$ cat final35.txt   # compact mmCIF, C-alpha atoms
# COMPACT_ATOMS: atom_id res chain seq x y z
CA MET A 1 0.00 0.00 0.00
CA SER A 2 1.29 3.46 -0.86
CA THR A 3 1.73 6.14 1.80
CA ASP A 4 0.81 8.89 -0.66
CA SER A 5 -2.10 11.13 0.25
CA ALA A 6 -4.33 12.96 -2.16
CA PRO A 7 -3.68 16.72 -2.22
CA ASP A 8 -7.10 17.46 -0.69
CA THR A 9 -6.61 15.01 2.18
CA PRO A 10 -6.39 16.88 5.48
CA ARG A 11 -3.03 16.58 7.21
CA LEU A 12 -2.76 17.01 10.96
CA VAL A 13 0.22 18.28 12.85
CA VAL A 14 0.17 18.35 16.63
CA ASP A 15 2.92 20.17 18.49
CA LEU A 16 3.41 17.58 21.23
CA ASN A 17 5.75 19.94 23.10
CA ARG A 18 2.91 22.44 23.35
CA CYS A 19 0.16 19.86 24.04
CA GLN A 20 -0.88 19.77 27.71
CA SER A 21 -3.17 16.71 27.40
CA TYR A 22 -6.38 18.61 28.13
CA GLY A 23 -8.16 16.14 25.85
CA GLN A 24 -10.54 18.54 24.15
CA CYS A 25 -9.48 17.12 20.78
CA VAL A 26 -10.34 13.60 21.94
CA TYR A 27 -13.87 14.73 22.81
CA ALA A 28 -14.29 16.69 19.56
CA ALA A 29 -12.92 14.01 17.21
CA PRO A 30 -12.65 10.64 18.97
CA THR A 31 -12.11 8.74 15.72
CA VAL A 32 -8.97 10.80 15.04
CA PHE A 33 -7.49 11.57 18.48
CA ARG A 34 -7.03 9.24 21.45
CA PHE A 35 -4.90 8.91 24.55
CA HIS A 36 -2.40 6.10 24.92
CA GLY A 37 -2.11 5.67 28.65
CA GLU A 38 -3.03 8.70 30.70
CA GLU A 39 -1.24 11.49 28.85
CA ALA A 40 0.33 10.34 25.56
CA LEU A 41 -1.75 11.70 22.69
CA GLU A 42 -2.04 9.61 19.55
CA TYR A 43 -3.70 10.81 16.37
CA ASP A 44 -4.23 9.96 12.73
CA TYR A 45 -1.82 12.10 10.68
CA ALA A 46 -4.00 11.91 7.60
CA PRO A 47 -7.58 11.43 8.76
CA ASP A 48 -10.39 10.51 6.43
CA PRO A 49 -11.69 13.63 4.64
CA SER A 50 -15.15 12.91 6.03
CA THR A 51 -13.87 13.81 9.51
CA ARG A 52 -12.68 17.27 8.49
CA ARG A 53 -15.43 19.14 10.38
CA GLU A 54 -14.67 17.20 13.58
CA VAL A 55 -10.94 17.82 13.16
CA GLU A 56 -11.52 21.54 12.64
CA ARG A 57 -13.58 21.60 15.85
CA ALA A 58 -10.82 19.74 17.67
CA ALA A 59 -8.20 22.24 16.50
CA ALA A 60 -10.39 25.16 17.55
CA ALA A 61 -11.08 23.56 20.95
CA CYS A 62 -7.41 23.07 21.83
CA PRO A 63 -6.70 25.50 24.70
CA VAL A 64 -3.01 25.81 23.74
CA GLN A 65 -3.56 25.76 19.94
CA ALA A 66 -1.25 22.77 19.49
CA ILE A 67 -3.18 21.39 16.49
CA THR A 68 -2.78 22.63 12.94
CA LEU A 69 -4.66 21.32 9.94
CA GLY A 70 -3.38 21.66 6.43
CA ARG A 71 -3.27 19.86 3.13
CA ALA A 72 -1.09 16.88 2.41
CA THR A 73 1.99 17.94 0.45
CA GLU A 74 4.12 14.90 1.15
CA PRO A 75 3.46 11.26 1.97
CA ALA A 76 2.02 10.53 5.41
CA PRO A 77 4.11 8.40 7.75
CA LEU A 78 3.27 4.71 7.71
CA THR A 79 1.02 3.91 10.66
CA PRO A 80 -0.22 0.49 11.76
CA GLU A 81 -3.70 1.25 10.38
CA ARG A 82 -2.27 2.24 6.98
CA ALA A 83 0.04 -0.80 6.83
CA ARG A 84 -2.88 -3.23 6.60

$ encode --input "final35.txt" --output "structure tokens"
Amino acid sequence: MSTDSAPDTPRLVVDLNRCQSYGQCVYAAPTVFRFHGEEALEYDYAPDPSTRREVERAAAACPVQAITLGRATEPAPLTPERAR
């Protein structure tokens, strides 16, 4: 399977140094964001385009503005879900 993303696929970047694990993104977009353990945030780098509205809400809800949403300009990293 290729790791290429279509140009209109949303691409997420989370500044994990800025993230304070408030979890607002997890509540706004639970199919994209989740906690691993108590504080380690995990997320889908290239979520399904159908989740864009949820992801936009999650980015807006982040108290420290650690989430940015853009367009895919390079291949997404290979994640376990994408490797299947």

$ residues_around --input "final35.txt" --residues "Leu16 (chain A)" --least-positions-apart "4" --cutoff "10 Å" --atoms "all atoms listed in the file" --output "list in words"
Gln20, Ser21, Ala40, Leu41, Glu42, Ala66 and Ile67 of chain A

$ atom_distance --input "final35.txt" --atom1 "CA of Ser50 (chain A)" --atom2 "CA of Gly37 (chain A)"
27.1 Å

$ residues_around --input "final35.txt" --residues "Gln65 (chain A)" --least-positions-apart "5" --cutoff "10 Å" --atoms "all atoms listed in the file" --output "ChimeraX atom specification"
/A:14-15,18-19,58-60

$ write_last_selection --input "final35.txt" --atoms "C-alpha atoms" --output "CSV table (one decimal), in the coordinates of the input"
chain,number,residue,atom,x,y,z
A,14,VAL,CA,0.2,18.4,16.6
A,15,ASP,CA,2.9,20.2,18.5
A,18,ARG,CA,2.9,22.4,23.4
A,19,CYS,CA,0.2,19.9,24.0
A,58,ALA,CA,-10.8,19.7,17.7
A,59,ALA,CA,-8.2,22.2,16.5
A,60,ALA,CA,-10.4,25.2,17.6

$ closest_residue --input "final35.txt" --among "A:Arg11, A:Pro63, A:Thr68, A:Asp44" --to "Val32 (chain A)" --atoms "all atoms listed in the file"
A:Asp44

$ atom_distance --input "final35.txt" --atom1 "CA of Pro47 (chain A)" --atom2 "CA of Thr31 (chain A)"
8.7 Å

$ atom_distance --input "final35.txt" --atom1 "CA of Thr51 (chain A)" --atom2 "CA of Leu69 (chain A)"
11.9 Å

$ residues_around --input "final35.txt" --residues "Cys25 (chain A)" --least-positions-apart "5" --cutoff "8 Å" --atoms "all atoms listed in the file" --output "list of chain:residue names"
A:Pro30, A:Phe33, A:Val55, A:Arg57, A:Ala58, A:Ala59, A:Ala61, A:Cys62

$ decode --input "final35.txt" --residues "region 49-62 of chain A" --atoms "N, CA, C and O atoms" --output "PDB file, in the first residue's frame"
ATOM      1  N   PRO A  49     -11.105  12.310   4.932  1.00  0.00           N
ATOM      2  CA  PRO A  49     -11.685  13.626   4.641  1.00  0.00           C
ATOM      3  C   PRO A  49     -13.080  13.836   5.229  1.00  0.00           C
ATOM      4  O   PRO A  49     -13.466  14.967   5.512  1.00  0.00           O
ATOM      5  N   SER A  50     -13.809  12.768   5.462  1.00  0.00           N
ATOM      6  CA  SER A  50     -15.153  12.911   6.033  1.00  0.00           C
ATOM      7  C   SER A  50     -15.127  13.402   7.484  1.00  0.00           C
ATOM      8  O   SER A  50     -16.156  13.830   8.003  1.00  0.00           O
ATOM      9  N   THR A  51     -13.978  13.355   8.125  1.00  0.00           N
ATOM     10  CA  THR A  51     -13.867  13.809   9.514  1.00  0.00           C
ATOM     11  C   THR A  51     -13.380  15.257   9.617  1.00  0.00           C
ATOM     12  O   THR A  51     -13.145  15.750  10.706  1.00  0.00           O
ATOM     13  N   ARG A  52     -13.260  15.927   8.497  1.00  0.00           N
ATOM     14  CA  ARG A  52     -12.677  17.272   8.493  1.00  0.00           C
ATOM     15  C   ARG A  52     -13.384  18.222   9.459  1.00  0.00           C
ATOM     16  O   ARG A  52     -12.730  18.958  10.189  1.00  0.00           O
ATOM     17  N   ARG A  53     -14.698  18.225   9.481  1.00  0.00           N
ATOM     18  CA  ARG A  53     -15.431  19.141  10.376  1.00  0.00           C
ATOM     19  C   ARG A  53     -15.084  18.850  11.847  1.00  0.00           C
ATOM     20  O   ARG A  53     -14.847  19.762  12.622  1.00  0.00           O
ATOM     21  N   GLU A  54     -15.045  17.578  12.216  1.00  0.00           N
ATOM     22  CA  GLU A  54     -14.669  17.203  13.584  1.00  0.00           C
ATOM     23  C   GLU A  54     -13.246  17.652  13.901  1.00  0.00           C
ATOM     24  O   GLU A  54     -12.963  18.143  14.996  1.00  0.00           O
ATOM     25  N   VAL A  55     -12.340  17.448  12.954  1.00  0.00           N
ATOM     26  CA  VAL A  55     -10.941  17.817  13.161  1.00  0.00           C
ATOM     27  C   VAL A  55     -10.803  19.334  13.304  1.00  0.00           C
ATOM     28  O   VAL A  55     -10.049  19.821  14.149  1.00  0.00           O
ATOM     29  N   GLU A  56     -11.545  20.075  12.509  1.00  0.00           N
ATOM     30  CA  GLU A  56     -11.523  21.537  12.635  1.00  0.00           C
ATOM     31  C   GLU A  56     -12.028  21.968  14.013  1.00  0.00           C
ATOM     32  O   GLU A  56     -11.468  22.872  14.630  1.00  0.00           O
ATOM     33  N   ARG A  57     -13.078  21.297  14.496  1.00  0.00           N
ATOM     34  CA  ARG A  57     -13.583  21.597  15.848  1.00  0.00           C
ATOM     35  C   ARG A  57     -12.535  21.263  16.907  1.00  0.00           C
ATOM     36  O   ARG A  57     -12.361  21.991  17.877  1.00  0.00           O
ATOM     37  N   ALA A  58     -11.861  20.148  16.720  1.00  0.00           N
ATOM     38  CA  ALA A  58     -10.819  19.738  17.672  1.00  0.00           C
ATOM     39  C   ALA A  58      -9.687  20.758  17.715  1.00  0.00           C
ATOM     40  O   ALA A  58      -9.219  21.134  18.793  1.00  0.00           O
ATOM     41  N   ALA A  59      -9.264  21.234  16.545  1.00  0.00           N
ATOM     42  CA  ALA A  59      -8.196  22.237  16.503  1.00  0.00           C
ATOM     43  C   ALA A  59      -8.638  23.529  17.180  1.00  0.00           C
ATOM     44  O   ALA A  59      -7.883  24.137  17.943  1.00  0.00           O
ATOM     45  N   ALA A  60      -9.872  23.931  16.943  1.00  0.00           N
ATOM     46  CA  ALA A  60     -10.394  25.158  17.554  1.00  0.00           C
ATOM     47  C   ALA A  60     -10.560  25.006  19.065  1.00  0.00           C
ATOM     48  O   ALA A  60     -10.413  25.976  19.815  1.00  0.00           O
ATOM     49  N   ALA A  61     -10.842  23.794  19.527  1.00  0.00           N
ATOM     50  CA  ALA A  61     -11.080  23.560  20.953  1.00  0.00           C
ATOM     51  C   ALA A  61      -9.794  23.439  21.763  1.00  0.00           C
ATOM     52  O   ALA A  61      -9.836  23.525  22.991  1.00  0.00           O
ATOM     53  N   CYS A  62      -8.672  23.255  21.109  1.00  0.00           N
ATOM     54  CA  CYS A  62      -7.410  23.070  21.832  1.00  0.00           C
ATOM     55  C   CYS A  62      -7.042  24.351  22.583  1.00  0.00           C
ATOM     56  O   CYS A  62      -6.808  25.388  21.967  1.00  0.00           O
TER      57      CYS A  62
END
